[in-house]
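Step one of this worksheet: look at the structure below.
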Amino acid sequence: MRKIYMVSGNKGGCGKSFFCLSLIQHLKMTGQNFSVVETDDGNPDVGLACTSDGIPTKTVDLLGEEPLSDLINAVDGMDTEIVVINAAGGDNRTLDRITVFYEALSEIADEIRVFWVVLSEQAGVIALQEYLDATKINLGKVTVIMNLLLTKYVENFAFLRSPLRDEILKAGGSDMVMPLMSRQLADFIR
């Protein structure tokens, strides 16, 4: 059984790498059989940290000539039950390819869970909606991570006031506040 945990968000600097490394640390501490695919070519800190820690890691350039083949081959070539994909941030430059990636990954994975990291502004919610529209992913497989490190008050998050939050929660998806997430994270992995 192959599970994919994809950590993504609409821009660089929102906390994707921090969350991804926290997820990886949890998987490591609980003895999970996992590997990592790094797609953030601009800031591959997750891939570098995992490689130096001995975690099986592959790097994929989503802006390369054969990004779909490269991503599928990287994920399919991992001999682990769980593959964590650290998705590149930025201006959603790969959004036009996401549907194809998701469909291809769905064929080689039994489950895909998306962890979407947002800051307080509306842009993260809009990008998440575009992602969900493009992939048609089951909303019950989505967890929205609200990065409190750069926001003074939890109630400032546009996601909390968004109808999308209600849809995700109603479907069985979830949200959590980072860094207040450590105790909650284990529940989502199980």
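Ordering of the structure tokens sets the chain letters (A, B, ...); residue numbers start at 1 within each chain; ligands are numbered from 1 in the order shown.
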
- [ ] Run DSSP on the backbone and give me the residues of chain A it puts in alpha helix (DSSP H), as a ChimeraX atom specification.
- [x] /A:16-29,45-52,67-76,95-108,122-135,163-170,182-189

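Compared by their closest atoms to A:Ser120, and using only C-alpha atoms, the residues A:Ile85, A:Val154, A:Ile4, A:Ile168 rank with A:Val154 nearest.
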
TODO: May I have the residues within 7 Å of A:Trp116 as a VMD selection string, using only C-alpha atoms and disregarding those fewer than 4 positions away in the same chain?
DONE: chain A and resid 7 to 9 143 to 145

Just write the chosen residues, N, CA and C atoms, as a compact mmCIF listing (two decimals), in the first residue's frame.
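Output file result-v4.txt is given in full below:
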```txt
# COMPACT_ATOMS: atom_id res chain seq x y z
N VAL A 7 3.10 18.10 0.70
CA VAL A 7 3.09 19.36 1.43
C VAL A 7 3.23 20.47 0.39
N SER A 8 2.25 21.38 0.38
CA SER A 8 2.24 22.43 -0.63
C SER A 8 1.69 23.72 -0.06
N GLY A 9 1.63 24.73 -0.90
CA GLY A 9 1.11 26.04 -0.54
C GLY A 9 1.31 26.97 -1.71
N THR A 143 -5.61 18.70 4.65
CA THR A 143 -5.39 19.36 5.93
C THR A 143 -4.77 20.72 5.63
N VAL A 144 -5.38 21.78 6.13
CA VAL A 144 -4.85 23.13 5.94
C VAL A 144 -4.08 23.50 7.20
N ILE A 145 -2.82 23.91 6.97
CA ILE A 145 -1.94 24.29 8.07
C ILE A 145 -1.87 25.81 8.08
```

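Computed from the coordinates, the atom CA of A:Asp61 to atom CA of A:Met78 distance equals 16.8 Å.
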
Stretch 59-129 of chain A residues near stretch 44-51 of chain A within 9 Å, closest pair each, using only C-alpha atoms, as a tab-separated table:
```
residue	atom	partner	partner_atom	distance
A:Thr59	CA	A:Gly47	CA	7.0
A:Asn86	CA	A:Val46	CA	7.2
A:Ala88	CA	A:Pro44	CA	8.6
```

Open item on the list: What's the separation between atom CA of A:Asn33 and atom CA of A:Thr80, in Å to one decimal place?
Closed with: 5.5 Å

List the spatial neighbours of A:Val75 as a PDB file with N, CA and C atoms, in the first residue's frame - criterion: any atom at most 12 Å away, only C-alpha atoms, same-chain residues fewer than 2 positions off excluded.
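result_10.pdb, freshly written:
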```pdb
ATOM      1  N   ARG A   2       0.720   2.118  -0.963  1.00  0.00           N
ATOM      2  CA  ARG A   2       1.544   3.313  -1.108  1.00  0.00           C
ATOM      3  C   ARG A   2       0.726   4.540  -0.741  1.00  0.00           C
ATOM      4  N   LYS A   3       1.254   5.344   0.186  1.00  0.00           N
ATOM      5  CA  LYS A   3       0.623   6.596   0.577  1.00  0.00           C
ATOM      6  C   LYS A   3       1.536   7.740   0.162  1.00  0.00           C
ATOM      7  N   ILE A   4       0.928   8.814  -0.326  1.00  0.00           N
ATOM      8  CA  ILE A   4       1.671  10.020  -0.649  1.00  0.00           C
ATOM      9  C   ILE A   4       1.166  11.134   0.251  1.00  0.00           C
ATOM     10  N   TYR A   5       2.095  11.780   0.934  1.00  0.00           N
ATOM     11  CA  TYR A   5       1.793  12.969   1.716  1.00  0.00           C
ATOM     12  C   TYR A   5       2.442  14.133   0.976  1.00  0.00           C
ATOM     13  N   MET A   6       1.629  15.012   0.419  1.00  0.00           N
ATOM     14  CA  MET A   6       2.156  16.137  -0.335  1.00  0.00           C
ATOM     15  C   MET A   6       1.988  17.421   0.471  1.00  0.00           C
ATOM     16  N   PHE A  34       9.401   5.434   5.128  1.00  0.00           N
ATOM     17  CA  PHE A  34       9.075   6.547   4.238  1.00  0.00           C
ATOM     18  C   PHE A  34      10.301   7.032   3.482  1.00  0.00           C
ATOM     19  N   SER A  35      10.024   7.784   2.431  1.00  0.00           N
ATOM     20  CA  SER A  35      11.061   8.431   1.643  1.00  0.00           C
ATOM     21  C   SER A  35      10.553   9.821   1.278  1.00  0.00           C
ATOM     22  N   VAL A  36      11.425  10.612   0.637  1.00  0.00           N
ATOM     23  CA  VAL A  36      11.088  12.007   0.349  1.00  0.00           C
ATOM     24  C   VAL A  36      11.388  12.315  -1.116  1.00  0.00           C
ATOM     25  N   VAL A  37      10.473  13.043  -1.748  1.00  0.00           N
ATOM     26  CA  VAL A  37      10.716  13.589  -3.078  1.00  0.00           C
ATOM     27  C   VAL A  37      10.695  15.102  -2.932  1.00  0.00           C
ATOM     28  N   GLU A  38      11.809  15.733  -3.283  1.00  0.00           N
ATOM     29  CA  GLU A  38      11.968  17.184  -3.190  1.00  0.00           C
ATOM     30  C   GLU A  38      11.708  17.794  -4.561  1.00  0.00           C
ATOM     31  N   THR A  39      10.742  18.717  -4.644  1.00  0.00           N
ATOM     32  CA  THR A  39      10.468  19.384  -5.919  1.00  0.00           C
ATOM     33  C   THR A  39      10.744  20.878  -5.852  1.00  0.00           C
ATOM     34  N   PRO A  56      15.958   8.133   2.391  1.00  0.00           N
ATOM     35  CA  PRO A  56      15.924   8.018   0.921  1.00  0.00           C
ATOM     36  C   PRO A  56      15.235   9.234   0.312  1.00  0.00           C
ATOM     37  N   THR A  57      15.959   9.947  -0.570  1.00  0.00           N
ATOM     38  CA  THR A  57      15.472  11.209  -1.114  1.00  0.00           C
ATOM     39  C   THR A  57      15.800  11.304  -2.597  1.00  0.00           C
ATOM     40  N   LYS A  58      14.843  11.783  -3.372  1.00  0.00           N
ATOM     41  CA  LYS A  58      15.066  12.082  -4.788  1.00  0.00           C
ATOM     42  C   LYS A  58      14.614  13.511  -5.040  1.00  0.00           C
ATOM     43  N   THR A  59      15.275  14.179  -5.986  1.00  0.00           N
ATOM     44  CA  THR A  59      14.932  15.547  -6.349  1.00  0.00           C
ATOM     45  C   THR A  59      14.356  15.560  -7.759  1.00  0.00           C
ATOM     46  N   VAL A  60      13.256  16.300  -7.945  1.00  0.00           N
ATOM     47  CA  VAL A  60      12.596  16.398  -9.247  1.00  0.00           C
ATOM     48  C   VAL A  60      12.406  17.872  -9.581  1.00  0.00           C
ATOM     49  N   LEU A  68       6.468  15.317 -15.542  1.00  0.00           N
ATOM     50  CA  LEU A  68       5.536  14.263 -15.158  1.00  0.00           C
ATOM     51  C   LEU A  68       6.253  12.930 -15.038  1.00  0.00           C
ATOM     52  N   SER A  69       7.010  12.568 -16.050  1.00  0.00           N
ATOM     53  CA  SER A  69       7.763  11.312 -16.012  1.00  0.00           C
ATOM     54  C   SER A  69       8.742  11.298 -14.854  1.00  0.00           C
ATOM     55  N   ASP A  70       9.433  12.428 -14.655  1.00  0.00           N
ATOM     56  CA  ASP A  70      10.413  12.509 -13.570  1.00  0.00           C
ATOM     57  C   ASP A  70       9.752  12.312 -12.212  1.00  0.00           C
ATOM     58  N   LEU A  71       8.600  12.950 -11.995  1.00  0.00           N
ATOM     59  CA  LEU A  71       7.906  12.830 -10.715  1.00  0.00           C
ATOM     60  C   LEU A  71       7.390  11.409 -10.502  1.00  0.00           C
ATOM     61  N   ILE A  72       6.747  10.852 -11.502  1.00  0.00           N
ATOM     62  CA  ILE A  72       6.203   9.491 -11.378  1.00  0.00           C
ATOM     63  C   ILE A  72       7.333   8.488 -11.150  1.00  0.00           C
ATOM     64  N   ASN A  73       8.416   8.617 -11.911  1.00  0.00           N
ATOM     65  CA  ASN A  73       9.546   7.700 -11.741  1.00  0.00           C
ATOM     66  C   ASN A  73      10.170   7.831 -10.362  1.00  0.00           C
ATOM     67  N   GLY A  77       9.787   4.800  -7.920  1.00  0.00           N
ATOM     68  CA  GLY A  77      11.070   4.156  -7.645  1.00  0.00           C
ATOM     69  C   GLY A  77      11.414   4.052  -6.175  1.00  0.00           C
ATOM     70  N   MET A  78      10.644   4.680  -5.325  1.00  0.00           N
ATOM     71  CA  MET A  78      10.905   4.608  -3.891  1.00  0.00           C
ATOM     72  C   MET A  78      10.359   3.297  -3.335  1.00  0.00           C
ATOM     73  N   ASP A  79      11.154   2.631  -2.561  1.00  0.00           N
ATOM     74  CA  ASP A  79      10.763   1.344  -1.992  1.00  0.00           C
ATOM     75  C   ASP A  79      10.275   1.543  -0.557  1.00  0.00           C
ATOM     76  N   THR A  80       9.280   2.421  -0.406  1.00  0.00           N
ATOM     77  CA  THR A  80       8.741   2.718   0.915  1.00  0.00           C
ATOM     78  C   THR A  80       7.225   2.774   0.849  1.00  0.00           C
ATOM     79  N   GLU A  81       6.608   2.587   1.995  1.00  0.00           N
ATOM     80  CA  GLU A  81       5.143   2.645   2.071  1.00  0.00           C
ATOM     81  C   GLU A  81       4.633   4.070   1.933  1.00  0.00           C
ATOM     82  N   ILE A  82       5.392   5.024   2.462  1.00  0.00           N
ATOM     83  CA  ILE A  82       4.984   6.428   2.449  1.00  0.00           C
ATOM     84  C   ILE A  82       6.020   7.242   1.673  1.00  0.00           C
ATOM     85  N   VAL A  83       5.531   8.117   0.792  1.00  0.00           N
ATOM     86  CA  VAL A  83       6.404   9.063   0.095  1.00  0.00           C
ATOM     87  C   VAL A  83       5.909  10.465   0.434  1.00  0.00           C
ATOM     88  N   VAL A  84       6.796  11.257   1.015  1.00  0.00           N
ATOM     89  CA  VAL A  84       6.493  12.648   1.325  1.00  0.00           C
ATOM     90  C   VAL A  84       7.005  13.490   0.156  1.00  0.00           C
ATOM     91  N   ILE A  85       6.129  14.293  -0.439  1.00  0.00           N
ATOM     92  CA  ILE A  85       6.534  15.186  -1.523  1.00  0.00           C
ATOM     93  C   ILE A  85       6.539  16.609  -0.984  1.00  0.00           C
ATOM     94  N   ASN A  86       7.713  17.233  -1.032  1.00  0.00           N
ATOM     95  CA  ASN A  86       7.820  18.639  -0.662  1.00  0.00           C
ATOM     96  C   ASN A  86       7.644  19.442  -1.941  1.00  0.00           C
ATOM     97  N   PHE A 101      -0.391  15.720 -12.814  1.00  0.00           N
ATOM     98  CA  PHE A 101       0.412  15.095 -11.766  1.00  0.00           C
ATOM     99  C   PHE A 101      -0.480  14.293 -10.830  1.00  0.00           C
ATOM    100  N   ALA A 104      -1.774  11.090 -12.414  1.00  0.00           N
ATOM    101  CA  ALA A 104      -0.710  10.100 -12.539  1.00  0.00           C
ATOM    102  C   ALA A 104      -0.330   9.532 -11.174  1.00  0.00           C
ATOM    103  N   LEU A 105      -0.211  10.388 -10.169  1.00  0.00           N
ATOM    104  CA  LEU A 105       0.116   9.905  -8.830  1.00  0.00           C
ATOM    105  C   LEU A 105      -0.990   9.014  -8.283  1.00  0.00           C
ATOM    106  N   SER A 106      -2.237   9.322  -8.618  1.00  0.00           N
ATOM    107  CA  SER A 106      -3.365   8.510  -8.158  1.00  0.00           C
ATOM    108  C   SER A 106      -3.282   7.074  -8.675  1.00  0.00           C
ATOM    109  N   GLU A 107      -2.652   6.910  -9.827  1.00  0.00           N
ATOM    110  CA  GLU A 107      -2.531   5.566 -10.394  1.00  0.00           C
ATOM    111  C   GLU A 107      -1.467   4.726  -9.704  1.00  0.00           C
ATOM    112  N   ILE A 108      -0.513   5.353  -9.027  1.00  0.00           N
ATOM    113  CA  ILE A 108       0.542   4.582  -8.367  1.00  0.00           C
ATOM    114  C   ILE A 108       0.456   4.647  -6.846  1.00  0.00           C
ATOM    115  N   ALA A 109      -0.540   5.359  -6.312  1.00  0.00           N
ATOM    116  CA  ALA A 109      -0.700   5.481  -4.862  1.00  0.00           C
ATOM    117  C   ALA A 109      -2.088   5.030  -4.448  1.00  0.00           C
TER     118      ALA A 109
END
```

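You can rank A:Leu148, A:Ile112, A:Ala127, A:Val142 by their closest distance to A:Leu169 using only C-alpha atoms, and at the top of that list sits A:Val142.
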
Open item on the list: Which residues are close to A:Leu164, i.e. within 8 Å by only C-alpha atoms, leaving aside same-chain residues fewer than 5 positions away? Reply as a list in words.
Closed with: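 Contacts, in chain order: Val125, Gln129 and Phe159 of chain A.
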
Keeping only N, CA and C atoms, write those residues as a compact mmCIF listing (two decimals), in the first residue's frame.
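The file below, selection_3.txt, is the result:
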```
# COMPACT_ATOMS: atom_id res chain seq x y z
N VAL A 125 -5.89 30.89 0.34
CA VAL A 125 -7.20 30.24 0.21
C VAL A 125 -7.59 30.15 -1.27
N GLN A 129 -8.17 26.72 -3.40
CA GLN A 129 -9.40 26.46 -4.16
C GLN A 129 -9.07 26.09 -5.60
N PHE A 159 -8.59 31.93 5.97
CA PHE A 159 -9.11 30.57 5.83
C PHE A 159 -10.21 30.28 6.84
```

- [ ] Kindly give the distance, in Å, that separates atom CA of A:Val177 and atom CA of A:Leu21, rounded to a single decimal.
- [x] 15.7 Å
